[in-house]
$ cat data.csv   # CSV, C-alpha atoms
chain,number,residue,atom,x,y,z
A,1,MET,CA,-81.2,6.3,-185.7
A,2,MET,CA,-79.3,6.7,-182.4
A,3,ASN,CA,-79.6,4.2,-179.6
A,4,ASN,CA,-79.7,5.1,-175.9
A,5,ASN,CA,-76.0,4.3,-175.4
A,6,GLN,CA,-74.9,6.6,-178.3
A,7,LEU,CA,-77.1,9.4,-177.0
A,8,THR,CA,-75.8,8.9,-173.4
A,9,GLU,CA,-72.2,9.2,-174.7
A,10,ILE,CA,-72.9,12.4,-176.6
A,11,VAL,CA,-74.6,13.9,-173.5
A,12,LYS,CA,-71.6,12.9,-171.3
A,13,LYS,CA,-69.2,14.5,-173.7
A,14,VAL,CA,-71.1,17.8,-173.9
A,15,VAL,CA,-71.4,17.9,-170.1
A,16,ALA,CA,-67.7,17.2,-169.6
A,17,ASP,CA,-66.8,19.9,-172.1
A,18,GLN,CA,-69.0,22.4,-170.2
A,19,GLN,CA,-67.6,21.5,-166.9
A,20,LYS,CA,-63.9,21.5,-168.0
A,21,ASP,CA,-61.9,23.7,-165.7
A,22,TYR,CA,-60.0,25.9,-168.2
A,23,PHE,CA,-58.8,28.1,-165.3
A,24,SER,CA,-57.2,25.7,-162.9
A,25,LEU,CA,-54.5,27.1,-160.6
A,26,GLU,CA,-51.9,24.7,-162.1
A,27,LYS,CA,-52.7,25.8,-165.7
A,28,MET,CA,-52.7,29.5,-164.9
A,29,GLU,CA,-49.3,29.1,-163.1
A,30,LYS,CA,-47.9,27.5,-166.2
A,31,VAL,CA,-49.2,30.3,-168.4
A,32,ILE,CA,-47.8,33.0,-166.0
A,33,ASN,CA,-44.5,31.2,-165.9
A,34,ALA,CA,-44.3,31.1,-169.7
A,35,ALA,CA,-45.1,34.8,-169.9
A,36,VAL,CA,-42.5,35.7,-167.2
A,37,ALA,CA,-39.8,33.6,-168.9
A,38,HIS,CA,-40.5,35.5,-172.2
A,39,ALA,CA,-40.4,38.9,-170.3
A,40,ASN,CA,-37.1,37.9,-168.6
A,41,ARG,CA,-35.6,37.0,-172.0
A,42,LEU,CA,-36.5,40.5,-173.1
A,43,ASN,CA,-35.1,42.0,-169.8
A,44,ILE,CA,-38.4,43.7,-169.0
A,45,GLY,CA,-41.0,43.5,-166.2
A,46,VAL,CA,-44.7,43.1,-167.0
A,47,THR,CA,-48.0,42.5,-165.4
A,48,ILE,CA,-50.0,39.5,-166.7
A,49,VAL,CA,-53.8,39.2,-166.2
A,50,ILE,CA,-55.9,36.1,-167.0
A,51,MET,CA,-59.6,36.9,-167.3
A,52,ARG,CA,-62.6,34.6,-167.7
A,53,ASN,CA,-65.3,35.4,-170.2
A,54,ASP,CA,-67.5,36.7,-167.3
A,55,GLN,CA,-64.9,39.4,-166.7
A,56,VAL,CA,-63.6,37.9,-163.5
A,57,VAL,CA,-59.8,38.1,-163.1
A,58,GLN,CA,-58.6,34.5,-162.4
A,59,MET,CA,-55.0,35.4,-161.9
A,60,SER,CA,-52.8,38.5,-162.0
A,61,TYR,CA,-49.0,38.7,-161.6
A,62,HIS,CA,-47.0,41.9,-161.4
A,63,MET,CA,-43.3,41.2,-161.8
A,64,PRO,CA,-41.1,43.0,-159.2
A,65,ASN,CA,-39.4,45.0,-162.0
A,66,ALA,CA,-42.6,46.0,-163.8
A,67,ILE,CA,-43.6,49.6,-164.0
A,68,LEU,CA,-46.6,50.7,-161.9
A,69,VAL,CA,-48.8,51.7,-164.9
A,70,SER,CA,-48.7,48.1,-166.1
A,71,SER,CA,-50.8,47.0,-163.2
A,72,THR,CA,-53.6,49.3,-164.5
A,73,MET,CA,-53.1,48.6,-168.2
A,74,ALA,CA,-52.9,44.8,-168.2
A,75,PRO,CA,-56.5,44.3,-167.0
A,76,LYS,CA,-57.8,46.9,-169.5
A,77,LYS,CA,-56.0,45.0,-172.3
A,78,ALA,CA,-57.6,41.7,-171.1
A,79,TRP,CA,-61.0,43.4,-170.8
A,80,THR,CA,-60.8,45.0,-174.3
A,81,ALA,CA,-59.7,41.7,-176.0
A,82,LEU,CA,-62.6,40.0,-174.3
A,83,ALA,CA,-65.2,42.7,-175.1
A,84,MET,CA,-64.0,43.1,-178.8
A,85,LYS,CA,-63.2,39.4,-179.3
A,86,MET,CA,-59.9,40.3,-181.0
A,87,PRO,CA,-56.3,41.2,-180.2
A,88,THR,CA,-56.0,44.8,-178.9
A,89,LYS,CA,-53.2,45.5,-181.3
A,90,ASP,CA,-55.7,45.1,-184.2
A,91,LEU,CA,-57.7,48.0,-182.8
A,92,ALA,CA,-55.1,50.8,-183.1
A,93,ARG,CA,-56.0,51.7,-186.7
A,94,GLN,CA,-59.7,51.5,-186.0
A,95,VAL,CA,-59.7,54.2,-183.3
A,96,GLN,CA,-57.9,56.8,-185.3
A,97,PRO,CA,-59.8,60.0,-186.5
A,98,GLY,CA,-62.1,59.1,-189.3
A,99,ALA,CA,-61.9,55.3,-188.6
A,100,PRO,CA,-65.0,53.3,-187.6
A,101,LEU,CA,-64.2,53.1,-183.9
A,102,TYR,CA,-62.9,56.7,-183.5
A,103,GLN,CA,-63.4,58.0,-179.9
A,104,MET,CA,-64.3,54.4,-178.6
A,105,GLU,CA,-61.5,54.8,-176.0
A,106,THR,CA,-63.1,58.0,-174.6
A,107,MET,CA,-66.6,56.5,-174.6
A,108,MET,CA,-65.9,53.4,-172.4
A,109,ASP,CA,-65.1,55.1,-169.1
A,110,GLY,CA,-61.5,54.2,-169.4
A,111,LYS,CA,-62.0,50.5,-169.7
A,112,PHE,CA,-61.1,50.2,-173.4
A,113,THR,CA,-57.6,50.4,-174.8
A,114,SER,CA,-56.2,50.0,-178.3
A,115,CYS,CA,-52.6,49.3,-177.0
A,116,GLY,CA,-51.3,45.9,-178.1
A,117,GLY,CA,-50.9,43.2,-175.4
A,118,GLY,CA,-54.5,41.8,-175.1
A,119,ARG,CA,-55.6,38.6,-176.7
A,120,PRO,CA,-58.9,36.7,-176.5
A,121,LEU,CA,-58.8,33.0,-175.4
A,122,ILE,CA,-60.8,30.9,-177.9
A,123,VAL,CA,-61.1,27.2,-177.3
A,124,LYS,CA,-63.0,25.0,-179.7
A,125,GLY,CA,-64.5,28.0,-181.3
A,126,LYS,CA,-65.8,29.4,-178.0
A,127,LEU,CA,-64.6,32.6,-176.4
A,128,ILE,CA,-63.7,31.5,-172.8
A,129,GLY,CA,-61.6,34.5,-171.6
A,130,SER,CA,-58.6,36.7,-172.4
A,131,ILE,CA,-55.1,37.6,-171.4
A,132,GLY,CA,-53.6,41.1,-171.0
A,133,VAL,CA,-49.9,41.9,-170.7
A,134,SER,CA,-48.4,45.4,-170.0
A,135,GLY,CA,-45.0,46.8,-169.1
A,136,GLY,CA,-42.9,46.7,-172.3
A,137,THR,CA,-43.4,48.3,-175.7
A,138,VAL,CA,-46.6,47.5,-177.6
A,139,GLU,CA,-44.7,44.9,-179.6
A,140,GLN,CA,-43.1,43.3,-176.6
A,141,ASP,CA,-46.5,43.2,-174.7
A,142,HIS,CA,-48.2,41.6,-177.7
A,143,ALA,CA,-45.3,39.0,-178.1
A,144,ILE,CA,-45.4,38.1,-174.4
A,145,CYS,CA,-49.2,37.9,-174.5
A,146,THR,CA,-49.0,35.6,-177.5
A,147,THR,CA,-46.6,33.3,-175.6
A,148,ALA,CA,-49.1,33.3,-172.7
A,149,VAL,CA,-52.1,32.5,-175.0
A,150,ASP,CA,-50.1,29.7,-176.7
A,151,ALA,CA,-49.2,28.2,-173.3
A,152,PHE,CA,-52.9,28.4,-172.3
A,153,LEU,CA,-54.1,26.7,-175.5
A,154,LYS,CA,-51.5,24.0,-175.2
A,155,GLU,CA,-52.7,23.3,-171.7
A,156,SER,CA,-56.3,23.2,-172.9
A,157,GLU,CA,-55.8,20.4,-175.4
$ encode --input "data.csv" --output "structure tokens"
Amino acid sequence: MMNNNQLTEIVKKVVADQQKDYFSLEKMEKVINAAVAHANRLNIGVTIVIMRNDQVVQMSYHMPNAILVSSTMAPKKAWTALAMKMPTKDLARQVQPGAPLYQMETMMDGKFTSCGGGRPLIVKGKLIGSIGVSGGTVEQDHAICTTAVDAFLKESE
């Protein structure tokens, strides 16, 4: 049987985990910097969006050399990754004619996209947010987004 000290320690740990600031300014700047460095290595400009699980954008950065459409697409990629709890690149096949999610993109008032570049943020098995990247090819956006997610998770350890 647990004593009061053991129970108190468990409660403290649970409360600390719930109050952990996964979206501190310092952390998000590191994530954005990692994504920008990757984009610079590829010689492209992108927009990067970090979104919390309540759909609130915590940070967005549009590189000076990014195309304008990326500022609209990056938040859609973040939202879709959050809403579907999966990378957006994994949705492309599922929205084709005859596939299970066919016409999903037209049913969501323009919020949903199956273009690669969105990834959910899962920490300790819990969906806490997402990241969306847009401005390069689908493959480039996905790779840069993966770099951003990896940086986020490293900072969350």
$ residues_near_point --input "data.csv" --point "(-44.2, 37.3, -172.5)" --cutoff "6 Å" --atoms "only C-alpha atoms" --output "CSV table (one decimal) with C-alpha atoms, in the coordinates of the input"
chain,number,residue,atom,x,y,z
A,35,ALA,CA,-45.1,34.8,-169.9
A,36,VAL,CA,-42.5,35.7,-167.2
A,38,HIS,CA,-40.5,35.5,-172.2
A,39,ALA,CA,-40.4,38.9,-170.3
A,143,ALA,CA,-45.3,39.0,-178.1
A,144,ILE,CA,-45.4,38.1,-174.4
A,145,CYS,CA,-49.2,37.9,-174.5
A,147,THR,CA,-46.6,33.3,-175.6
$ residues_near_point --input "data.csv" --point "(-51.4, 50.7, -177.8)" --cutoff "12 Å" --atoms "all atoms listed in the file" --output "ChimeraX atom specification"
/A:73-74,76-77,80,87-96,105,112-118,132-142
$ atom_distance --input "data.csv" --atom1 "atom CA of A:Ile50" --atom2 "atom CA of A:Ser130"
6.1 Å
$ closest_residue --input "data.csv" --among "A:Leu127, A:Met63, A:Ile48, A:Val57" --to "A:Lys85" --atoms "all atoms listed in the file"
A:Leu127
$ closest_residue --input "data.csv" --among "A:Lys111, A:Met86, A:Asn40, A:Glu29" --to "A:Met59" --atoms "all atoms listed in the file"
A:Glu29
$ atom_distance --input "data.csv" --atom1 "atom CA of A:Ser156" --atom2 "atom CA of A:Arg52"
14.0 Å
$ closest_residue --input "data.csv" --among "A:Glu157, A:Val149, A:Ala78, A:Ile32" --to "A:His62" --atoms "all atoms listed in the file"
A:Ile32
$ atom_distance --input "data.csv" --atom1 "atom CA of A:Met28" --atom2 "atom CA of A:Met108"
28.3 Å
$ closest_residue --input "data.csv" --among "A:Gly45, A:Ile122, A:Glu26, A:Ile131" --to "A:Leu153" --atoms "all atoms listed in the file"
A:Ile122
